[in-house]
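So this block is input_27.csv, CSV, C-alpha atoms:
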chain,number,residue,atom,x,y,z
A,1,SER,CA,4.3,12.6,-2.9
A,2,LEU,CA,0.7,11.9,-2.2
A,3,THR,CA,-1.2,15.0,-1.1
A,4,VAL,CA,-4.5,15.9,0.5
A,5,ASP,CA,-5.6,17.7,-2.6
A,6,GLN,CA,-5.0,14.6,-4.7
A,7,GLY,CA,-6.9,12.6,-2.2
A,8,GLU,CA,-9.9,15.0,-2.6
A,9,GLN,CA,-9.7,14.8,-6.4
A,10,VAL,CA,-9.9,11.0,-6.2
A,11,ARG,CA,-12.7,11.2,-3.6
A,12,ALA,CA,-14.8,13.3,-6.0
A,13,ALA,CA,-14.1,10.9,-8.9
A,14,ARG,CA,-15.0,7.9,-6.7
A,15,GLU,CA,-18.3,9.6,-5.5
A,16,ALA,CA,-19.1,10.3,-9.2
A,17,GLY,CA,-18.6,6.6,-10.0
A,18,ALA,CA,-15.7,7.3,-12.4
A,19,VAL,CA,-13.1,5.2,-10.5
A,20,ARG,CA,-12.6,2.5,-7.9
A,21,VAL,CA,-9.8,2.9,-5.4
A,22,ILE,CA,-7.2,0.7,-3.8
A,23,ALA,CA,-5.4,2.5,-1.0
A,24,VAL,CA,-1.9,1.1,-0.4
A,25,ASN,CA,-0.7,1.0,3.2
A,26,ASP,CA,-1.2,4.4,4.9
A,27,ALA,CA,-3.0,5.9,1.9
A,28,TYR,CA,-6.3,4.8,3.6
A,29,ARG,CA,-5.7,7.8,5.9
A,30,LEU,CA,-6.1,10.1,2.9
A,31,ALA,CA,-8.6,7.9,1.2
A,32,PRO,CA,-11.0,6.4,3.8
A,33,PHE,CA,-13.5,6.1,0.9
A,34,ALA,CA,-11.3,3.6,-0.9
A,35,ASP,CA,-12.8,0.2,-1.9
A,36,VAL,CA,-9.7,-1.7,-0.7
A,37,CYS,CA,-6.9,-1.0,1.7
A,38,TYR,CA,-4.0,-3.3,0.7
A,39,PHE,CA,-0.9,-3.9,2.8
A,40,ALA,CA,1.7,-6.5,2.3
A,41,ASP,CA,3.1,-7.2,5.7
A,42,SER,CA,1.9,-8.1,9.1
A,43,GLU,CA,4.3,-5.6,10.7
A,44,TRP,CA,2.4,-2.7,9.1
A,45,TRP,CA,-0.8,-4.3,10.2
A,46,GLY,CA,0.6,-4.4,13.8
A,47,TRP,CA,1.3,-0.6,13.6
A,48,HIS,CA,-2.3,0.2,12.4
A,49,LYS,CA,-4.6,-2.5,13.7
A,50,ASP,CA,-5.7,-0.6,16.8
A,51,ARG,CA,-5.9,2.9,15.1
A,52,PRO,CA,-9.5,4.1,15.1
A,53,GLN,CA,-9.3,5.2,11.5
A,54,PHE,CA,-8.1,1.8,10.3
A,55,ARG,CA,-10.7,0.0,12.4
A,56,ALA,CA,-13.4,2.2,10.9
A,57,PHE,CA,-12.2,1.7,7.3
A,58,ALA,CA,-15.4,0.4,5.5
A,59,GLY,CA,-13.7,-1.1,2.4
A,60,GLN,CA,-12.1,-4.5,2.1
A,61,LYS,CA,-8.8,-4.9,4.0
A,62,CYS,CA,-6.4,-7.3,2.2
A,63,SER,CA,-2.9,-8.7,2.6
A,64,ILE,CA,-0.9,-11.5,1.3
A,65,ALA,CA,-0.1,-15.0,2.4
A,66,ASP,CA,3.1,-15.5,4.4
A,67,SER,CA,2.5,-12.1,6.1
A,68,GLY,CA,-1.1,-13.1,6.5
A,69,ALA,CA,-0.2,-15.9,8.8
A,70,ASN,CA,0.6,-13.4,11.5
A,71,ILE,CA,-2.5,-11.3,11.0
A,72,LYS,CA,-5.2,-12.2,13.5
A,73,ASP,CA,-8.1,-10.3,12.1
A,74,PRO,CA,-11.0,-12.1,10.2
A,75,ALA,CA,-11.8,-8.8,8.5
A,76,VAL,CA,-8.5,-9.0,6.5
A,77,HIS,CA,-8.8,-11.1,3.3
A,78,ILE,CA,-5.6,-12.9,2.7
A,79,LEU,CA,-4.5,-13.4,-0.9
A,80,ARG,CA,-2.2,-16.2,-2.2
A,81,ASN,CA,1.4,-15.4,-3.1
A,82,ALA,CA,2.4,-16.5,-6.6
A,83,ASN,CA,6.1,-16.1,-5.8
A,84,GLY,CA,6.3,-19.6,-4.5
A,85,ARG,CA,6.0,-20.7,-8.0
A,86,GLY,CA,8.8,-18.5,-9.3
A,87,HIS,CA,6.7,-15.5,-10.1
A,88,SER,CA,8.4,-12.7,-8.2
A,89,PHE,CA,8.0,-10.5,-11.3
A,90,GLY,CA,5.5,-10.4,-14.1
A,91,LEU,CA,1.7,-10.5,-13.6
A,92,SER,CA,-0.7,-13.1,-12.3
A,93,LEU,CA,-3.9,-13.6,-14.3
A,94,ASP,CA,-4.9,-16.4,-11.8
A,95,PRO,CA,-7.7,-14.8,-9.6
A,96,LYS,CA,-6.5,-17.0,-6.7
A,97,GLN,CA,-3.0,-15.4,-6.4
A,98,ILE,CA,-1.0,-12.3,-7.1
A,99,VAL,CA,2.6,-11.6,-8.0
A,100,THR,CA,4.4,-9.6,-5.4
A,101,GLY,CA,6.9,-7.6,-7.4
A,102,SER,CA,8.7,-7.1,-4.0
A,103,ASN,CA,6.3,-4.2,-3.1
A,104,SER,CA,2.8,-3.6,-2.0
A,105,GLY,CA,2.1,-1.0,-4.8
A,106,TYR,CA,2.9,-3.6,-7.4
A,107,GLN,CA,0.7,-6.1,-5.6
A,108,ALA,CA,-2.2,-3.6,-5.6
A,109,LEU,CA,-1.7,-3.1,-9.4
A,110,ASN,CA,-2.0,-6.9,-9.8
A,111,ILE,CA,-5.2,-6.9,-7.7
A,112,ALA,CA,-6.6,-4.1,-10.0
A,113,VAL,CA,-5.9,-6.2,-13.1
A,114,LEU,CA,-7.6,-9.3,-11.5
A,115,ALA,CA,-10.6,-7.1,-10.6
A,116,GLY,CA,-11.0,-6.2,-14.3
A,117,ALA,CA,-9.5,-2.8,-14.5
A,118,LYS,CA,-8.5,-1.8,-18.1
A,119,THR,CA,-6.9,1.5,-17.0
A,120,ILE,CA,-5.0,1.9,-13.8
A,121,LEU,CA,-3.8,5.3,-12.4
A,122,LEU,CA,-0.8,5.2,-10.1
A,123,LEU,CA,-0.7,7.9,-7.5
A,124,GLY,CA,2.0,8.4,-5.0
A,125,PHE,CA,4.2,5.7,-6.6
A,126,ASP,CA,7.5,7.6,-6.4
A,127,ALA,CA,9.9,4.6,-6.1
A,128,ARG,CA,12.9,6.8,-5.6
A,129,GLU,CA,15.5,7.0,-2.9
A,130,PRO,CA,14.3,9.6,-0.4
A,131,THR,CA,16.2,12.8,0.2
A,132,GLY,CA,14.1,13.5,3.3
A,133,LYS,CA,11.0,11.8,4.6
A,134,THR,CA,10.2,8.5,2.9
A,135,HIS,CA,6.4,8.9,2.6
A,136,TRP,CA,3.8,11.6,2.5
A,137,PHE,CA,3.1,11.2,6.2
A,138,GLY,CA,6.8,10.9,7.3
A,139,ASP,CA,8.5,7.6,8.0
A,140,HIS,CA,7.3,4.1,9.0
A,141,PRO,CA,8.7,3.1,12.4
A,142,LYS,CA,11.1,0.9,10.3
A,143,ARG,CA,12.6,2.5,7.2
A,144,GLU,CA,13.1,0.6,3.9
A,145,PRO,CA,16.7,0.0,2.9
A,146,VAL,CA,17.8,2.3,0.1
A,147,ALA,CA,18.4,-0.7,-2.2
A,148,ALA,CA,14.7,-1.5,-2.0
A,149,TYR,CA,13.8,1.4,-4.3
A,150,ALA,CA,15.7,-0.1,-7.3
A,151,GLU,CA,13.8,-3.4,-6.7
A,152,TYR,CA,10.5,-1.6,-6.8
A,153,ARG,CA,11.3,0.0,-10.1
A,154,LYS,CA,12.5,-3.3,-11.4
A,155,ALA,CA,9.2,-4.9,-10.7
A,156,PHE,CA,7.2,-2.4,-12.7
A,157,SER,CA,9.7,-2.6,-15.6
A,158,ALA,CA,9.6,-6.5,-15.5
A,159,GLY,CA,5.8,-6.5,-15.5
A,160,GLU,CA,5.3,-3.9,-18.3
A,161,SER,CA,5.0,-6.3,-21.2
A,162,ALA,CA,2.7,-8.7,-19.3
A,163,ILE,CA,0.4,-5.8,-18.3
A,164,LYS,CA,0.2,-4.6,-21.9
A,165,ALA,CA,-0.5,-8.1,-23.1
A,166,ALA,CA,-3.4,-8.3,-20.7
A,167,GLY,CA,-4.9,-5.3,-22.4
A,168,VAL,CA,-4.4,-3.0,-19.4
A,169,ARG,CA,-3.2,0.6,-19.7
A,170,VAL,CA,-1.2,2.0,-16.7
A,171,VAL,CA,-0.8,5.7,-16.3
A,172,ASN,CA,1.6,7.1,-13.8
A,173,CYS,CA,0.1,10.2,-12.1
A,174,SER,CA,3.0,10.6,-9.7
A,175,PRO,CA,4.8,13.7,-11.0
A,176,ASP,CA,8.3,12.9,-9.6
A,177,SER,CA,8.1,9.2,-10.0
A,178,ALA,CA,11.3,7.2,-10.9
A,179,ILE,CA,9.1,4.5,-12.5
A,180,ASP,CA,9.6,5.1,-16.2
A,181,SER,CA,7.7,2.0,-17.5
A,182,PHE,CA,4.4,3.9,-18.1
A,183,PRO,CA,3.3,7.2,-19.6
A,184,LYS,CA,2.8,10.1,-17.1
A,185,LEU,CA,-0.2,12.3,-16.9
A,186,GLU,CA,-1.5,15.0,-14.5
A,187,LEU,CA,-4.0,13.5,-12.1
A,188,SER,CA,-6.7,16.0,-13.0
A,189,ASP,CA,-6.4,15.1,-16.7
A,190,ALA,CA,-6.4,11.4,-16.0
A,191,LEU,CA,-9.5,11.7,-13.9
A,192,SER,CA,-11.2,13.8,-16.5
A,193,PHE,CA,-10.7,11.0,-19.1
A,194,ALA,CA,-12.0,8.5,-16.6
A,195,ALA,CA,-15.1,10.5,-15.9
A,196,ALA,CA,-15.8,10.9,-19.7
A,197,ARG,CA,-15.7,7.1,-20.3
A,198,PRO,CA,-19.1,5.4,-20.5
Translate the structure described by the file into structure tokens.
Amino acid sequence: SLTVDQGEQVRAAREAGAVRVIAVNDAYRLAPFADVCYFADSEWWGWHKDRPQFRAFAGQKCSIADSGANIKDPAVHILRNANGRGHSFGLSLDPKQIVTGSNSGYQALNIAVLAGAKTILLLGFDAREPTGKTHWFGDHPKREPVAAYAEYRKAFSAGESAIKAAGVRVVNCSPDSAIDSFPKLELSDALSFAAARP
């Protein structure tokens, strides 16, 4: 559900110093100003590594171990995977590793927590079975199985109490999101609150 207009709103807030931005997967195309482009698999990297816009992305590019073994680019920072220790769900507070939650959006949320964010705005986090195209840009060359969307929602639900315990507020600015773990707010309102904070 991500739109160009939303991208422009976030750009203005970023330029004003009100927010920091993690673009997940193809979102770097709408947010080339993002601080981080996070992607969770080497297959996605293979689809984008030679694209001029991806190569020109000035922020930090990050992925996760396991997938990272196949990423042959020293500009991509590889994060440790906490799942090997039975942490598929929840939240990692260890700055050396992240919980996967079975999806890159959840991993980006964990990165934001580790970076010190106290309020996190989710944008384009629909996590619902598609009725047409699967993403704002269309489809990846390989589509996610329909069952994956329930797993995505499960990750956010399973992490909700740990996120609150960490003192982090998550606001879902994705209007039609199937993630019901966090309060929803219009993006413009959420960004206005962010801009008003000292």
6 Å contact set for stretch 182-190 of chain A, only C-alpha atoms, chain neighbours under 4 positions out, as a VMD selection string: chain A and resid 171 to 173
Nearby residues (all atoms listed in the file) at most 12 Å from A:Lys49, same-chain spacing under 4 positions excluded, as a ChimeraX atom specification: /A:25-26,39,42-45,53-57,61,71-73,75-76
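Compared by their closest atoms to A:Phe193, and using all atoms listed in the file, the residues A:Asp50, A:Ile120, A:Arg11, A:Arg128 rank with A:Ile120 nearest.
The interatomic distance for the pair atom CA of A:Lys164 and atom CA of A:Val113 works out to 10.8 Å.
Shortest atom-to-atom contact with A:Ile111 among A:Ile64, A:Leu30, A:Ala148, A:Ala16: A:Ile64, counting all atoms listed in the file.
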Selection near A:Lys154, 12 Å with all atoms listed in the file, sequence-local residues under 2 positions removed, as a CSV table (one decimal) with C-alpha atoms, keeping the file's coordinate frame:
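Result file is result_10.csv:
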chain,number,residue,atom,x,y,z
A,88,SER,CA,8.4,-12.7,-8.2
A,89,PHE,CA,8.0,-10.5,-11.3
A,90,GLY,CA,5.5,-10.4,-14.1
A,100,THR,CA,4.4,-9.6,-5.4
A,101,GLY,CA,6.9,-7.6,-7.4
A,102,SER,CA,8.7,-7.1,-4.0
A,103,ASN,CA,6.3,-4.2,-3.1
A,106,TYR,CA,2.9,-3.6,-7.4
A,127,ALA,CA,9.9,4.6,-6.1
A,128,ARG,CA,12.9,6.8,-5.6
A,147,ALA,CA,18.4,-0.7,-2.2
A,148,ALA,CA,14.7,-1.5,-2.0
A,149,TYR,CA,13.8,1.4,-4.3
A,150,ALA,CA,15.7,-0.1,-7.3
A,151,GLU,CA,13.8,-3.4,-6.7
A,152,TYR,CA,10.5,-1.6,-6.8
A,156,PHE,CA,7.2,-2.4,-12.7
A,157,SER,CA,9.7,-2.6,-15.6
A,158,ALA,CA,9.6,-6.5,-15.5
A,159,GLY,CA,5.8,-6.5,-15.5
A,160,GLU,CA,5.3,-3.9,-18.3
A,178,ALA,CA,11.3,7.2,-10.9
A,179,ILE,CA,9.1,4.5,-12.5
A,180,ASP,CA,9.6,5.1,-16.2
A,181,SER,CA,7.7,2.0,-17.5
Separation of atom CA of A:Val10 from atom CA of A:Ser161, in Å and rounded to one decimal: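 Going from atom CA of A:Val10 over to atom CA of A:Ser161, I get 27.3 Å.
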Atom-to-atom span, atom CA of A:Arg169 and atom CA of A:Ala65, Å: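 One can read the atom CA of A:Arg169 to atom CA of A:Ala65 distance as 27.2 Å.
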Where's the centre, and what are the edge lengths in Å to one decimal, of a box along x, y and z enclosing all listed atoms of stretch 29-44 of chain A padded 6 Å per side, as lines of an AutoDock Vina configuration file?
center_x = -4.6
center_y = 1.0
center_z = 4.4
size_x = 29.8
size_y = 30.2
size_z = 24.6
Which residue of A:Asp94, A:Phe125, A:Arg14, A:Val21 approaches A:Pro175 most closely, using only C-alpha atoms: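 Distance minimum relative to A:Pro175 lands on A:Phe125.
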Nearest to A:Gln60 by atom-to-atom distance, counting all atoms listed in the file, from A:Arg153, A:Lys96, A:Arg29, A:His77: A:His77
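For the choices A:Ala18, A:Leu91, A:Ala58, A:Val99, the atom-to-atom distance to A:Ala31 is smallest for A:Ala58 when using only C-alpha atoms.
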Who sits within 8 Å of A:Val24, only C-alpha atoms, same chain under 2 positions skipped, as a list in words: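 Answer for this query is Ile22, Asp26, Ala27, Tyr28, Cys37, Tyr38, Phe39, Ser104, Gly105 and Ala108 of chain A.
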Start from the incomplete input, build N, CA, C and O atoms for stretch 29-41 of chain A, and deliver everything as an mmCIF file, in the coordinates of the input.
data_model
loop_
_atom_site.group_PDB
_atom_site.id
_atom_site.type_symbol
_atom_site.label_atom_id
_atom_site.label_comp_id
_atom_site.auth_asym_id
_atom_site.auth_seq_id
_atom_site.Cartn_x
_atom_site.Cartn_y
_atom_site.Cartn_z
ATOM 1 N N ARG A 29 -5.518 6.576 5.059
ATOM 2 C CA ARG A 29 -5.700 7.800 5.900
ATOM 3 C C ARG A 29 -6.155 8.962 5.087
ATOM 4 O O ARG A 29 -6.884 9.816 5.584
ATOM 5 N N LEU A 30 -5.683 9.054 3.831
ATOM 6 C CA LEU A 30 -6.100 10.100 2.900
ATOM 7 C C LEU A 30 -7.324 9.679 2.098
ATOM 8 O O LEU A 30 -7.993 10.518 1.514
ATOM 9 N N ALA A 31 -7.558 8.386 2.037
ATOM 10 C CA ALA A 31 -8.600 7.900 1.200
ATOM 11 C C ALA A 31 -9.490 6.864 1.993
ATOM 12 O O ALA A 31 -9.567 5.684 1.657
ATOM 13 N N PRO A 32 -10.162 7.331 3.051
ATOM 14 C CA PRO A 32 -11.000 6.400 3.800
ATOM 15 C C PRO A 32 -12.189 5.894 3.020
ATOM 16 O O PRO A 32 -12.860 4.949 3.431
ATOM 17 N N PHE A 33 -12.424 6.495 1.856
ATOM 18 C CA PHE A 33 -13.500 6.100 0.900
ATOM 19 C C PHE A 33 -13.087 4.985 0.000
ATOM 20 O O PHE A 33 -13.894 4.508 -0.810
ATOM 21 N N ALA A 34 -11.836 4.557 0.064
ATOM 22 C CA ALA A 34 -11.300 3.600 -0.900
ATOM 23 C C ALA A 34 -12.109 2.257 -0.786
ATOM 24 O O ALA A 34 -12.671 1.909 0.252
ATOM 25 N N ASP A 35 -12.128 1.535 -1.895
ATOM 26 C CA ASP A 35 -12.800 0.200 -1.900
ATOM 27 C C ASP A 35 -11.984 -0.829 -1.227
ATOM 28 O O ASP A 35 -12.537 -1.767 -0.661
ATOM 29 N N VAL A 36 -10.660 -0.690 -1.285
ATOM 30 C CA VAL A 36 -9.700 -1.700 -0.700
ATOM 31 C C VAL A 36 -8.602 -0.935 -0.013
ATOM 32 O O VAL A 36 -8.109 0.066 -0.526
ATOM 33 N N CYS A 37 -8.180 -1.445 1.128
ATOM 34 C CA CYS A 37 -6.900 -1.000 1.700
ATOM 35 C C CYS A 37 -6.011 -2.252 1.658
ATOM 36 O O CYS A 37 -6.314 -3.295 2.242
ATOM 37 N N TYR A 38 -4.939 -2.128 0.888
ATOM 38 C CA TYR A 38 -4.000 -3.300 0.700
ATOM 39 C C TYR A 38 -2.707 -2.976 1.424
ATOM 40 O O TYR A 38 -2.132 -1.895 1.286
ATOM 41 N N PHE A 39 -2.227 -3.972 2.154
ATOM 42 C CA PHE A 39 -0.900 -3.900 2.800
ATOM 43 C C PHE A 39 -0.275 -5.228 2.754
ATOM 44 O O PHE A 39 -0.933 -6.260 2.796
ATOM 45 N N ALA A 40 1.048 -5.226 2.582
ATOM 46 C CA ALA A 40 1.700 -6.500 2.300
ATOM 47 C C ALA A 40 2.471 -7.097 3.458
ATOM 48 O O ALA A 40 3.095 -8.132 3.281
ATOM 49 N N ASP A 41 2.420 -6.498 4.617
ATOM 50 C CA ASP A 41 3.100 -7.200 5.700
ATOM 51 C C ASP A 41 2.427 -7.021 7.034
ATOM 52 O O ASP A 41 1.757 -6.028 7.307
#
